[in-house]
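Printed here is my_file_28.txt (compact mmCIF, C-alpha atoms and all ligand atoms):
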```txt
# COMPACT_ATOMS: atom_id res chain seq x y z
CA MET B 1 -31.01 170.12 -44.35
CA ASN B 2 -33.03 172.94 -42.87
CA ILE B 3 -36.28 171.26 -41.97
CA GLU B 4 -37.88 174.53 -40.84
CA LEU B 5 -37.79 175.81 -44.42
CA LEU B 6 -40.21 173.03 -45.27
CA PHE B 7 -42.78 173.94 -42.62
CA SER B 8 -46.02 175.24 -44.07
CA LYS B 9 -46.83 178.91 -43.72
CA ARG B 10 -49.64 177.86 -41.43
CA ILE B 11 -47.16 176.95 -38.68
CA LYS B 12 -46.86 179.79 -36.22
CA SER B 13 -44.85 179.09 -33.11
CA LYS B 14 -44.94 182.50 -31.43
CA ASP B 15 -47.38 181.56 -28.67
CA GLU B 16 -46.04 178.09 -28.17
CA SER B 17 -42.65 179.41 -27.18
CA ILE B 18 -43.90 180.94 -23.92
CA ARG B 19 -45.77 177.80 -22.93
CA THR B 20 -42.82 175.62 -23.91
CA LYS B 21 -40.37 177.88 -22.07
CA MET B 22 -42.45 177.61 -18.91
CA LEU B 23 -42.87 173.85 -19.18
CA ASN B 24 -39.09 173.54 -19.63
CA ILE B 25 -38.43 175.60 -16.51
CA ALA B 26 -41.03 173.57 -14.58
CA LYS B 27 -39.52 170.20 -15.47
CA ASP B 28 -36.34 170.98 -13.51
CA LEU B 29 -38.28 172.10 -10.41
CA GLU B 30 -39.84 169.99 -7.68
CA ASP B 31 -43.24 170.55 -6.10
CA VAL B 32 -44.59 172.84 -8.80
CA ILE B 33 -48.30 173.72 -8.45
CA ALA B 34 -49.75 173.98 -11.94
CA LEU B 35 -52.74 176.24 -12.42
CA GLY B 36 -52.14 176.31 -16.16
CA ARG B 37 -54.14 173.85 -18.21
CA GLY B 38 -57.92 173.57 -18.46
CA ASP B 39 -57.97 169.91 -17.49
CA PRO B 40 -60.20 169.13 -14.47
CA ASP B 41 -58.41 167.34 -11.63
CA LEU B 42 -61.71 165.62 -10.75
CA ASP B 43 -62.18 162.08 -12.00
CA THR B 44 -64.79 160.93 -14.50
CA ALA B 45 -67.74 159.48 -12.53
CA PRO B 46 -67.44 155.69 -11.89
CA HIS B 47 -70.73 154.84 -13.63
CA ILE B 48 -69.38 156.41 -16.85
CA ILE B 49 -66.15 154.43 -16.66
CA GLU B 50 -68.06 151.22 -15.88
CA SER B 51 -70.37 151.72 -18.82
CA ALA B 52 -67.49 152.38 -21.23
CA SER B 53 -65.63 149.35 -19.98
CA GLN B 54 -68.70 147.18 -20.52
CA ALA B 55 -69.13 148.64 -24.01
CA LEU B 56 -65.57 147.65 -24.89
CA LYS B 57 -66.22 144.11 -23.72
CA ASN B 58 -69.33 144.10 -25.88
CA GLY B 59 -67.33 145.03 -28.96
CA ALA B 60 -67.33 148.85 -29.15
CA THR B 61 -64.03 148.70 -30.97
CA HIS B 62 -65.17 149.64 -34.46
CA TYR B 63 -66.02 152.73 -36.45
CA THR B 64 -69.48 154.06 -35.69
CA HIS B 65 -71.84 156.06 -37.91
CA PRO B 66 -69.75 159.09 -38.99
CA GLN B 67 -72.11 161.47 -37.18
CA GLY B 68 -72.06 159.31 -34.05
CA ILE B 69 -74.09 156.46 -32.53
CA GLU B 70 -77.78 157.19 -33.05
CA GLU B 71 -78.68 156.60 -29.39
CA LEU B 72 -76.09 159.17 -28.34
CA ARG B 73 -77.35 161.74 -30.84
CA VAL B 74 -80.89 161.25 -29.50
CA ASN B 75 -79.59 161.71 -25.94
CA ILE B 76 -77.72 164.86 -26.98
CA CYS B 77 -80.91 166.34 -28.51
CA GLU B 78 -82.84 165.61 -25.31
CA HIS B 79 -80.07 167.09 -23.21
CA LEU B 80 -79.86 170.23 -25.33
CA HIS B 81 -83.60 170.65 -25.05
CA LYS B 82 -83.73 170.11 -21.29
CA PHE B 83 -80.75 172.23 -20.27
CA HIS B 84 -80.47 174.79 -23.06
CA LYS B 85 -83.95 175.09 -24.60
CA LEU B 86 -82.52 174.05 -27.97
CA ASN B 87 -84.47 172.10 -30.58
CA TYR B 88 -82.28 169.82 -32.65
CA GLU B 89 -82.99 166.49 -34.30
CA LYS B 90 -80.58 163.58 -34.32
CA GLU B 91 -79.70 164.26 -37.97
CA GLU B 92 -78.50 167.71 -36.90
CA ILE B 93 -75.78 166.40 -34.59
CA VAL B 94 -72.19 165.42 -35.38
CA VAL B 95 -70.38 163.76 -32.50
CA THR B 96 -66.73 164.81 -32.62
CA ALA B 97 -63.44 163.93 -30.96
CA GLY B 98 -63.81 166.76 -28.43
CA GLY B 99 -64.99 170.34 -28.82
CA GLN B 100 -61.56 171.01 -30.33
CA CYS B 101 -62.36 168.93 -33.39
CA ALA B 102 -65.74 170.67 -33.61
CA ILE B 103 -63.94 174.04 -33.79
CA PHE B 104 -61.58 173.02 -36.58
CA THR B 105 -64.36 171.24 -38.49
CA SER B 106 -66.53 174.36 -38.41
CA ILE B 107 -63.80 176.80 -39.43
CA LEU B 108 -62.46 174.58 -42.20
CA ALA B 109 -65.97 174.10 -43.55
CA LEU B 110 -66.68 177.82 -43.88
CA ILE B 111 -63.53 179.88 -44.16
CA ASP B 112 -61.64 180.70 -47.35
CA LYS B 113 -58.68 183.01 -47.82
CA ASP B 114 -59.29 186.50 -46.41
CA ASP B 115 -62.72 185.72 -44.96
CA GLU B 116 -63.04 187.51 -41.65
CA VAL B 117 -63.75 185.75 -38.37
CA ILE B 118 -64.53 187.81 -35.29
CA ILE B 119 -62.92 186.26 -32.22
CA PRO B 120 -63.13 187.69 -28.70
CA SER B 121 -59.78 188.90 -27.35
CA PRO B 122 -59.00 187.42 -24.92
CA GLY B 123 -60.59 184.21 -26.11
CA TYR B 124 -59.89 180.55 -26.70
CA GLY B 125 -56.69 180.47 -28.78
CA SER B 126 -57.68 177.47 -30.89
CA TYR B 127 -60.11 179.64 -32.83
CA ASP B 128 -57.21 181.85 -33.88
CA GLN B 129 -55.17 178.82 -34.87
CA ALA B 130 -58.02 177.30 -36.89
CA VAL B 131 -58.64 180.56 -38.76
CA GLU B 132 -54.92 180.92 -39.52
CA MET B 133 -54.88 177.37 -40.85
CA ALA B 134 -57.82 178.07 -43.11
CA GLY B 135 -56.14 181.24 -44.43
CA GLY B 136 -58.83 183.49 -42.99
CA LYS B 137 -58.37 186.78 -41.22
CA ILE B 138 -58.77 187.11 -37.45
CA VAL B 139 -60.65 190.20 -36.37
CA LYS B 140 -60.25 190.76 -32.65
CA LEU B 141 -63.26 191.80 -30.63
CA LYS B 142 -61.42 193.56 -27.83
CA LEU B 143 -62.97 192.97 -24.42
CA ASN B 144 -62.14 194.81 -21.24
CA GLU B 145 -62.10 194.35 -17.53
CA GLU B 146 -64.33 197.36 -16.80
CA ASN B 147 -67.37 195.35 -17.83
CA ASP B 148 -65.99 191.98 -16.66
CA PHE B 149 -64.96 191.05 -20.21
CA ALA B 150 -68.57 190.70 -21.34
CA ILE B 151 -69.29 190.78 -25.07
CA THR B 152 -71.67 193.55 -26.14
CA ALA B 153 -73.63 193.95 -29.35
CA GLU B 154 -72.38 197.53 -29.60
CA ASP B 155 -68.73 196.44 -29.66
CA LEU B 156 -69.52 193.62 -32.04
CA GLU B 157 -71.23 195.94 -34.52
CA LYS B 158 -68.07 198.06 -34.75
CA VAL B 159 -65.97 195.18 -36.09
CA ILE B 160 -68.43 193.68 -38.56
CA THR B 161 -67.53 194.29 -42.22
CA ASN B 162 -68.85 192.92 -45.49
CA LYS B 163 -66.15 190.24 -45.28
CA THR B 164 -67.30 188.91 -41.90
CA LYS B 165 -68.33 185.28 -42.18
CA ILE B 166 -68.25 184.03 -38.59
CA PHE B 167 -68.59 185.45 -35.12
CA CYS B 168 -67.26 183.18 -32.35
CA LEU B 169 -69.25 183.48 -29.17
CA ILE B 170 -67.61 181.63 -26.30
CA ASN B 171 -70.15 181.61 -23.51
CA PRO B 172 -69.07 181.29 -20.70
CA SER B 173 -65.63 182.38 -21.79
CA ASN B 174 -62.28 180.75 -21.62
CA PRO B 175 -60.08 182.47 -20.34
CA THR B 176 -62.15 185.02 -18.42
CA GLY B 177 -65.15 183.01 -17.19
CA ALA B 178 -67.42 185.84 -18.42
CA ILE B 179 -71.02 185.03 -19.26
CA THR B 180 -72.51 187.07 -22.09
CA PRO B 181 -75.54 188.72 -20.41
CA PRO B 182 -78.94 187.49 -21.69
CA ASP B 183 -79.97 190.98 -22.86
CA GLU B 184 -76.74 191.26 -24.89
CA ILE B 185 -77.41 187.86 -26.45
CA GLU B 186 -80.80 189.20 -27.56
CA LYS B 187 -79.21 192.36 -28.94
CA ILE B 188 -76.59 190.34 -30.81
CA ALA B 189 -79.35 188.20 -32.35
CA ASN B 190 -81.13 191.36 -33.39
CA LEU B 191 -77.95 192.81 -34.88
CA LEU B 192 -77.24 189.66 -36.89
CA LYS B 193 -80.73 188.68 -37.95
CA ASN B 194 -80.48 190.19 -41.43
CA LYS B 195 -76.78 189.55 -41.94
CA ASN B 196 -75.16 186.64 -43.70
CA ILE B 197 -72.98 185.73 -40.73
CA ILE B 198 -72.68 182.42 -38.90
CA VAL B 199 -72.35 182.37 -35.12
CA ILE B 200 -70.24 179.63 -33.59
CA SER B 201 -71.68 179.39 -30.12
CA ASP B 202 -69.17 177.52 -28.00
CA GLU B 203 -71.06 176.48 -24.89
CA ILE B 204 -68.60 174.00 -23.48
CA TYR B 205 -68.70 175.65 -20.01
CA SER B 206 -72.47 176.18 -20.04
CA ARG B 207 -73.22 173.57 -17.36
CA LEU B 208 -70.94 175.41 -14.95
CA PRO B 209 -72.49 178.83 -14.19
CA PHE B 210 -71.75 180.29 -10.75
CA ASP B 211 -74.66 181.41 -8.53
CA ASN B 212 -77.31 179.97 -10.89
CA GLN B 213 -76.66 182.68 -13.44
CA LYS B 214 -78.66 182.42 -16.62
CA ILE B 215 -76.87 181.38 -19.80
CA ILE B 216 -78.79 181.75 -23.05
CA SER B 217 -77.95 179.36 -25.86
CA PHE B 218 -77.73 181.50 -28.98
CA ALA B 219 -79.61 179.06 -31.22
CA SER B 220 -82.58 179.04 -28.82
CA LEU B 221 -83.49 182.58 -29.93
CA GLU B 222 -86.03 183.08 -32.68
CA ASN B 223 -84.64 182.43 -36.19
CA MET B 224 -81.09 181.99 -34.90
CA LYS B 225 -80.83 178.23 -35.27
CA GLU B 226 -80.23 178.42 -39.03
CA LYS B 227 -77.24 180.72 -38.53
CA THR B 228 -75.69 179.00 -35.52
CA ILE B 229 -73.21 176.21 -35.03
CA THR B 230 -73.55 175.12 -31.42
CA ILE B 231 -70.44 173.47 -29.99
CA ASN B 232 -70.48 171.57 -26.74
CA GLY B 233 -68.80 168.58 -25.13
CA PHE B 234 -68.13 166.41 -22.15
CA SER B 235 -64.59 167.47 -21.16
CA LYS B 236 -65.46 170.26 -18.77
CA ALA B 237 -68.85 169.44 -17.21
CA TYR B 238 -68.22 165.70 -16.85
CA SER B 239 -64.43 165.83 -16.30
CA MET B 240 -63.81 163.80 -19.44
CA THR B 241 -60.94 165.60 -21.19
CA GLY B 242 -59.02 162.42 -21.95
CA TRP B 243 -61.98 160.70 -23.58
CA ARG B 244 -61.98 163.21 -26.46
CA ILE B 245 -65.67 163.57 -26.96
CA GLY B 246 -67.78 166.55 -27.93
CA TYR B 247 -70.32 167.54 -30.56
CA ILE B 248 -71.66 170.02 -33.06
CA ALA B 249 -75.36 170.81 -33.37
CA SER B 250 -76.50 172.72 -36.40
CA ASP B 251 -79.35 173.23 -38.81
CA LYS B 252 -79.83 170.54 -41.52
CA LYS B 253 -78.27 172.49 -44.39
CA LEU B 254 -75.12 173.34 -42.49
CA ILE B 255 -74.66 170.03 -40.73
CA LYS B 256 -74.23 168.24 -44.08
CA ILE B 257 -70.99 170.01 -44.89
CA LEU B 258 -69.80 169.87 -41.30
CA ALA B 259 -70.36 166.11 -41.31
CA GLU B 260 -68.32 165.79 -44.53
CA ILE B 261 -65.35 167.72 -43.13
CA HIS B 262 -65.55 165.87 -39.85
CA HIS B 263 -65.48 162.55 -41.67
CA GLY B 264 -62.35 163.69 -43.49
CA LEU B 265 -60.64 164.69 -40.27
CA ASN B 266 -61.67 161.84 -38.03
CA ILE B 267 -64.07 159.34 -39.66
CA CYS B 268 -65.93 159.23 -36.34
CA ALA B 269 -65.44 160.02 -32.67
CA PRO B 270 -63.95 157.18 -30.56
CA ALA B 271 -66.60 154.47 -30.16
CA VAL B 272 -65.81 153.75 -26.53
CA SER B 273 -66.05 157.42 -25.63
CA GLN B 274 -69.42 157.67 -27.35
CA HIS B 275 -70.69 154.94 -25.02
CA ALA B 276 -69.20 156.82 -22.08
CA ALA B 277 -71.03 159.94 -23.27
CA ILE B 278 -74.35 158.06 -23.34
CA ALA B 279 -73.78 157.08 -19.71
CA ALA B 280 -72.84 160.67 -18.84
CA LEU B 281 -76.07 162.07 -20.29
CA THR B 282 -78.45 159.38 -19.11
CA GLY B 283 -76.95 158.72 -15.66
CA PRO B 284 -77.14 160.79 -12.47
CA GLN B 285 -76.17 164.45 -12.93
CA ASN B 286 -75.08 165.11 -9.35
CA ASN B 287 -71.38 164.88 -10.31
CA VAL B 288 -71.84 167.96 -12.47
CA SER B 289 -73.47 169.95 -9.67
CA GLU B 290 -70.88 168.71 -7.16
CA ALA B 291 -68.06 169.78 -9.49
CA LEU B 292 -69.65 173.20 -9.88
CA LYS B 293 -69.79 173.65 -6.10
CA ILE B 294 -66.13 172.68 -5.84
CA TYR B 295 -65.08 175.14 -8.58
CA GLN B 296 -67.14 177.91 -7.05
CA LYS B 297 -65.44 177.45 -3.67
CA ARG B 298 -61.98 177.44 -5.25
CA LYS B 299 -62.89 180.55 -7.23
CA ASP B 300 -63.93 182.32 -4.01
CA ILE B 301 -60.66 181.39 -2.32
CA MET B 302 -58.65 182.71 -5.27
CA CYS B 303 -60.68 185.91 -5.60
CA ASP B 304 -60.30 186.62 -1.85
CA THR B 305 -56.52 186.37 -2.27
CA LEU B 306 -56.54 188.67 -5.29
CA ASP B 307 -58.68 191.17 -3.35
CA LYS B 308 -56.23 191.04 -0.46
CA LEU B 309 -53.36 191.72 -2.87
CA SER B 310 -55.30 194.55 -4.58
CA LEU B 311 -55.05 192.74 -7.90
CA SER B 312 -58.17 193.32 -9.97
CA TYR B 313 -59.91 190.72 -12.15
CA GLY B 314 -63.01 190.25 -14.25
CA LYS B 315 -65.77 188.76 -12.10
CA PRO B 316 -65.96 185.14 -13.32
CA GLY B 317 -69.51 184.07 -14.19
CA GLY B 318 -68.81 180.39 -14.70
CA GLY B 319 -66.31 177.70 -15.62
CA PHE B 320 -63.11 177.34 -13.67
CA TYR B 321 -60.82 180.25 -14.50
CA VAL B 322 -59.99 183.62 -12.96
CA TYR B 323 -58.47 186.29 -15.20
CA ALA B 324 -56.32 188.54 -13.05
CA ASN B 325 -54.66 191.86 -13.81
CA VAL B 326 -51.02 192.15 -12.73
CA SER B 327 -50.22 195.43 -14.46
CA SER B 328 -49.72 197.08 -11.05
CA CYS B 329 -46.74 194.78 -10.41
CA GLY B 330 -44.36 196.66 -12.68
CA MET B 331 -43.73 193.94 -15.25
CA SER B 332 -45.50 192.27 -18.15
CA ALA B 333 -47.79 189.37 -17.31
CA THR B 334 -45.47 187.07 -19.28
CA ASN B 335 -42.48 188.03 -17.13
CA PHE B 336 -44.66 187.81 -14.04
CA CYS B 337 -45.54 184.20 -14.92
CA ILE B 338 -41.93 183.23 -15.61
CA GLU B 339 -40.60 184.83 -12.40
CA LEU B 340 -43.49 183.41 -10.34
CA LEU B 341 -42.65 179.95 -11.61
CA LYS B 342 -38.93 180.32 -10.92
CA SER B 343 -39.25 181.77 -7.45
CA GLU B 344 -42.48 180.26 -6.08
CA LYS B 345 -42.89 177.18 -8.23
CA LEU B 346 -46.38 178.22 -9.23
CA MET B 347 -47.25 177.79 -12.89
CA ILE B 348 -49.89 180.08 -14.39
CA PHE B 349 -50.12 181.10 -18.06
CA PRO B 350 -50.21 184.70 -19.29
CA GLY B 351 -53.34 185.96 -21.07
CA ILE B 352 -51.50 186.54 -24.34
CA LEU B 353 -51.63 182.78 -24.86
CA PHE B 354 -55.37 183.36 -25.14
CA GLY B 355 -55.15 185.97 -27.86
CA ASP B 356 -55.21 188.95 -25.49
CA TYR B 357 -54.27 192.27 -27.03
CA VAL B 358 -52.42 193.40 -23.88
CA ASP B 359 -49.83 191.56 -21.79
CA ASN B 360 -51.37 192.44 -18.42
CA TYR B 361 -53.34 189.38 -17.38
CA LEU B 362 -52.93 185.87 -15.98
CA ARG B 363 -55.34 183.05 -16.60
CA ILE B 364 -55.52 181.16 -13.32
CA SER B 365 -57.12 177.77 -13.74
CA LEU B 366 -58.62 176.33 -10.56
CA LEU B 367 -58.04 172.69 -11.32
CA GLN B 368 -56.17 171.55 -8.24
CA PRO B 369 -57.58 170.26 -4.93
CA GLU B 370 -58.53 172.94 -2.41
CA ASN B 371 -55.41 172.48 -0.25
CA LYS B 372 -53.23 173.12 -3.31
CA ILE B 373 -55.30 176.15 -4.28
CA ILE B 374 -54.72 177.54 -0.79
CA GLU B 375 -50.98 176.81 -1.06
CA ALA B 376 -50.96 178.43 -4.53
CA CYS B 377 -52.61 181.52 -3.03
CA ASN B 378 -49.89 181.68 -0.36
CA ARG B 379 -47.19 181.45 -3.02
CA LEU B 380 -48.84 184.13 -5.12
CA GLU B 381 -49.09 186.36 -2.07
CA ASN B 382 -45.39 185.86 -1.23
CA PHE B 383 -44.39 186.73 -4.77
CA VAL B 384 -46.54 189.83 -5.09
CA ASN B 385 -45.47 191.10 -1.67
CA GLN B 386 -41.80 190.58 -2.62
CA ILE B 387 -42.03 192.49 -5.90
CA LYS B 388 -44.12 195.23 -4.41
CA LYS B 389 -41.40 195.70 -1.74
CA THR B 390 -38.58 196.13 -4.29
N1 LIG I 1 -63.82 175.32 -26.44
C1 LIG I 1 -63.32 175.98 -25.39
C2 LIG I 1 -63.82 177.36 -25.11
C3 LIG I 1 -62.36 175.41 -24.57
O1 LIG I 1 -61.88 176.08 -23.52
C4 LIG I 1 -61.88 174.12 -24.89
C5 LIG I 1 -60.80 173.50 -24.09
O2 LIG I 1 -60.21 174.06 -23.21
C6 LIG I 1 -62.43 173.46 -25.98
C7 LIG I 1 -63.40 174.09 -26.74
C8 LIG I 1 -61.98 172.09 -26.39
O3 LIG I 1 -62.29 171.15 -25.42
P1 LIG I 1 -62.36 169.59 -25.73
O4 LIG I 1 -61.75 169.36 -27.04
O5 LIG I 1 -61.60 168.92 -24.63
O6 LIG I 1 -63.82 169.24 -25.74
```
For the structure just supplied, provide its representation as structure tokens.
Amino acid sequence: MNIELLFSKRIKSKDESIRTKMLNIAKDLEDVIALGRGDPDLDTAPHIIESASQALKNGATHYTHPQGIEELRVNICEHLHKFHKLNYEKEEIVVTAGGQCAIFTSILALIDKDDEVIIPSPGYGSYDQAVEMAGGKIVKLKLNEENDFAITAEDLEKVITNKTKIFCLINPSNPTGAITPPDEIEKIANLLKNKNIIVISDEIYSRLPFDNQKIISFASLENMKEKTITINGFSKAYSMTGWRIGYIASDKKLIKILAEIHHGLNICAPAVSQHAAIAALTGPQNNVSEALKIYQKRKDIMCDTLDKLSLSYGKPGGGFYVYANVSSCGMSATNFCIELLKSEKLMIFPGILFGDYVDNYLRISLLQPENKIIEACNRLENFVNQIKKT
């Protein structure tokens, strides 16, 4: 029996093979430093864990309201208002099992065969996967290093057609850390105001801007709420990846269908994690600011090393990634990553895993303690100096 013949046409394994190949190499090596995944090394704050544990003892072991516990949805609305100047009501929130589930819910709710979805390239690969699953067409919005991978309204306008249904705005970006400048956000709103296009505004890194940079939530602009699906979550800001908790905020008309699809996919987000999320939003916020300081310091250490090695990169505006250009090293970024892993035991993923249209970049995630980041920088330096010598 050839089981592969039975796989649906939706299954595309091209990107997986590089990640899998690297993970297979890594498993036979000792002392690998992994700067690959976007999973914070910092722990969830103790008061969040305590609160979740108490909730379990009190019986939080059942389904909740499909859109999420009412108290949590109220807290989310308050949070969105306080930090992002957004005005949502509790009926306009669907609590999801992570931002990931929010992405798939949104795409499945809106995309039919051949509908076009504009996705930044590089961008977060799950958008591509969700669009492929829905049978839609990915339209790449090609970004470049010269302007630090920022999205501009001018570039966006060039790729809009009469089949465009969604534009995915990931702000700040994974994998580049770029923040879409406030004046560009305004221009994008202006460009889209009379068009029948939905914006998915993925703001999962929005609590982590470096140097107090301003991040504008798309739906906070005049008349944009009705055409925006705001996606956010707890994984990145509160170091809660394993809890699988995030949310969608959207205008009343849209949220109805999103809630239906989400119910079909998940019934509801995990009850215990919803209680943890309440504690995250209502408790002290200093863990978020402390985490930001830590990421900023690691980012500076990494960028200093890249400067020393004359490797260019897009200036990261927030989050915890650096997107570095290795085209001067005489090999593709994919080969660079494989050789770096084999010879220096440093695991970093190439940008093509993030939908990049060129194989020149590495996405370095900064999610290891500072001493490991320093050691990773030494290993990177050794490797680059070696290949530049040969
Ligand atoms: N959106 C972006 C841009 C991400 O980078 C990620 C994860 O890396 C997610 C959404 C999904 O995160 P989670 O499902 O853990 O909330």
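Look at range 39-49 of chain B: the protein and nucleic acid residues within 6 Å of it, using all atoms listed in the file and passing over chain neighbours fewer than 2 places away, are Arg37, Ser51, Ala52, Ser239, Met240, Ala276, Ala279, Ala280, Leu367 and Gln368 of chain B.
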Within 9 Å of ligand LIG 1 (chain I), counting all atoms listed in the file, which protein or nucleic acid residues do you find, written as a PyMOL selection string? chain B and resi 37-39+96-103+123-127+170-175+202-205+231-236+240-247
(message) Set the distance at 12 Å and use only C-alpha atoms: which residues neighbour Lys389 in chain B once local chain neighbours fewer than 6 positions away are removed? I'd like the list as a ChimeraX atom specification.
(response) /B:329-330,382-383
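In this model, the gap between CA of His263 in chain B and CA of Ile278 in chain B comes to 20.9 Å.
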Practice problem: Please provide as number ranges by chain all residues within 12 Å of Lys57 in chain B, with the sequence filter that same-chain residues fewer than 6 positions apart are discarded (counting all atoms listed in the file). | Solution: B: 50-51, 272, 275
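With all atoms listed in the file as the atoms that count, the residue of B:Leu292, B:Ala55, B:Ala178, B:Val199 with the shortest distance to Asn212 in chain B is B:Leu292.
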Could the centre and edge lengths of an axis-aligned box, enclosing all atoms of range 192-206 of chain B in the file with 6 Å extra on each side, be given in Å to one decimal as lines of an AutoDock Vina configuration file?
```
center_x = -74.7
center_y = 182.1
center_z = -31.9
size_x = 24.1
size_y = 28.2
size_z = 35.7
```
Exercise: Asn360 in chain B partners within 8 Å, all atoms listed in the file, chain neighbours under 2 positions left out, as a list in words = Asn325, Val326, Ser327, Ser332, Ala333, Pro350, Gly351, Val358 and Leu362 of chain B
task = Please identify all polymer residues within 6 Å of range 142-158 of chain B, counting all atoms listed in the file, omitting same-chain residues fewer than 4 positions from it, and present them as a PyMOL selection string.
result = chain B and resi 121+178+180+184+187-188+314-315
N, CA, C and O atoms for range 24-38 of chain B, written as an mmCIF file, keeping the file's coordinate frame, could you do that?
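That gives us result_10.cif:
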```cif
data_model
loop_
_atom_site.group_PDB
_atom_site.id
_atom_site.type_symbol
_atom_site.label_atom_id
_atom_site.label_comp_id
_atom_site.auth_asym_id
_atom_site.auth_seq_id
_atom_site.Cartn_x
_atom_site.Cartn_y
_atom_site.Cartn_z
ATOM 1 N N ASN B 24 -40.496 173.926 -19.771
ATOM 2 C CA ASN B 24 -39.090 173.540 -19.630
ATOM 3 C C ASN B 24 -38.524 173.961 -18.284
ATOM 4 O O ASN B 24 -37.761 173.224 -17.661
ATOM 5 N N ILE B 25 -38.894 175.147 -17.841
ATOM 6 C CA ILE B 25 -38.430 175.600 -16.510
ATOM 7 C C ILE B 25 -39.017 174.660 -15.447
ATOM 8 O O ILE B 25 -38.329 174.193 -14.540
ATOM 9 N N ALA B 26 -40.319 174.365 -15.593
ATOM 10 C CA ALA B 26 -41.030 173.570 -14.580
ATOM 11 C C ALA B 26 -40.453 172.159 -14.444
ATOM 12 O O ALA B 26 -40.415 171.600 -13.342
ATOM 13 N N LYS B 27 -39.953 171.606 -15.549
ATOM 14 C CA LYS B 27 -39.520 170.200 -15.470
ATOM 15 C C LYS B 27 -38.281 170.014 -14.594
ATOM 16 O O LYS B 27 -38.035 168.936 -14.084
ATOM 17 N N ASP B 28 -37.523 171.096 -14.380
ATOM 18 C CA ASP B 28 -36.340 170.980 -13.510
ATOM 19 C C ASP B 28 -36.661 171.394 -12.066
ATOM 20 O O ASP B 28 -35.762 171.485 -11.229
ATOM 21 N N LEU B 29 -37.917 171.693 -11.773
ATOM 22 C CA LEU B 29 -38.280 172.100 -10.410
ATOM 23 C C LEU B 29 -39.099 171.007 -9.742
ATOM 24 O O LEU B 29 -39.804 170.260 -10.402
ATOM 25 N N GLU B 30 -39.005 170.953 -8.400
ATOM 26 C CA GLU B 30 -39.840 169.990 -7.680
ATOM 27 C C GLU B 30 -41.008 170.718 -7.049
ATOM 28 O O GLU B 30 -40.898 171.899 -6.719
ATOM 29 N N ASP B 31 -42.110 170.003 -6.863
ATOM 30 C CA ASP B 31 -43.240 170.550 -6.100
ATOM 31 C C ASP B 31 -43.868 171.782 -6.761
ATOM 32 O O ASP B 31 -44.272 172.728 -6.088
ATOM 33 N N VAL B 32 -43.922 171.734 -8.095
ATOM 34 C CA VAL B 32 -44.590 172.840 -8.800
ATOM 35 C C VAL B 32 -46.113 172.670 -8.655
ATOM 36 O O VAL B 32 -46.628 171.554 -8.750
ATOM 37 N N ILE B 33 -46.822 173.770 -8.397
ATOM 38 C CA ILE B 33 -48.300 173.720 -8.450
ATOM 39 C C ILE B 33 -48.697 174.313 -9.797
ATOM 40 O O ILE B 33 -48.360 175.453 -10.115
ATOM 41 N N ALA B 34 -49.393 173.520 -10.580
ATOM 42 C CA ALA B 34 -49.750 173.980 -11.940
ATOM 43 C C ALA B 34 -51.203 174.427 -11.979
ATOM 44 O O ALA B 34 -52.122 173.622 -11.771
ATOM 45 N N LEU B 35 -51.387 175.704 -12.208
ATOM 46 C CA LEU B 35 -52.740 176.240 -12.420
ATOM 47 C C LEU B 35 -52.804 176.744 -13.866
ATOM 48 O O LEU B 35 -53.241 177.858 -14.137
ATOM 49 N N GLY B 36 -52.262 175.905 -14.770
ATOM 50 C CA GLY B 36 -52.140 176.310 -16.160
ATOM 51 C C GLY B 36 -53.231 175.747 -17.058
ATOM 52 O O GLY B 36 -54.051 176.476 -17.581
ATOM 53 N N ARG B 37 -53.265 174.449 -17.196
ATOM 54 C CA ARG B 37 -54.140 173.850 -18.210
ATOM 55 C C ARG B 37 -55.605 173.806 -17.759
ATOM 56 O O ARG B 37 -55.907 173.864 -16.570
ATOM 57 N N GLY B 38 -56.484 173.637 -18.746
ATOM 58 C CA GLY B 38 -57.920 173.570 -18.460
ATOM 59 C C GLY B 38 -58.415 172.146 -18.330
ATOM 60 O O GLY B 38 -59.452 171.797 -18.901
#
```
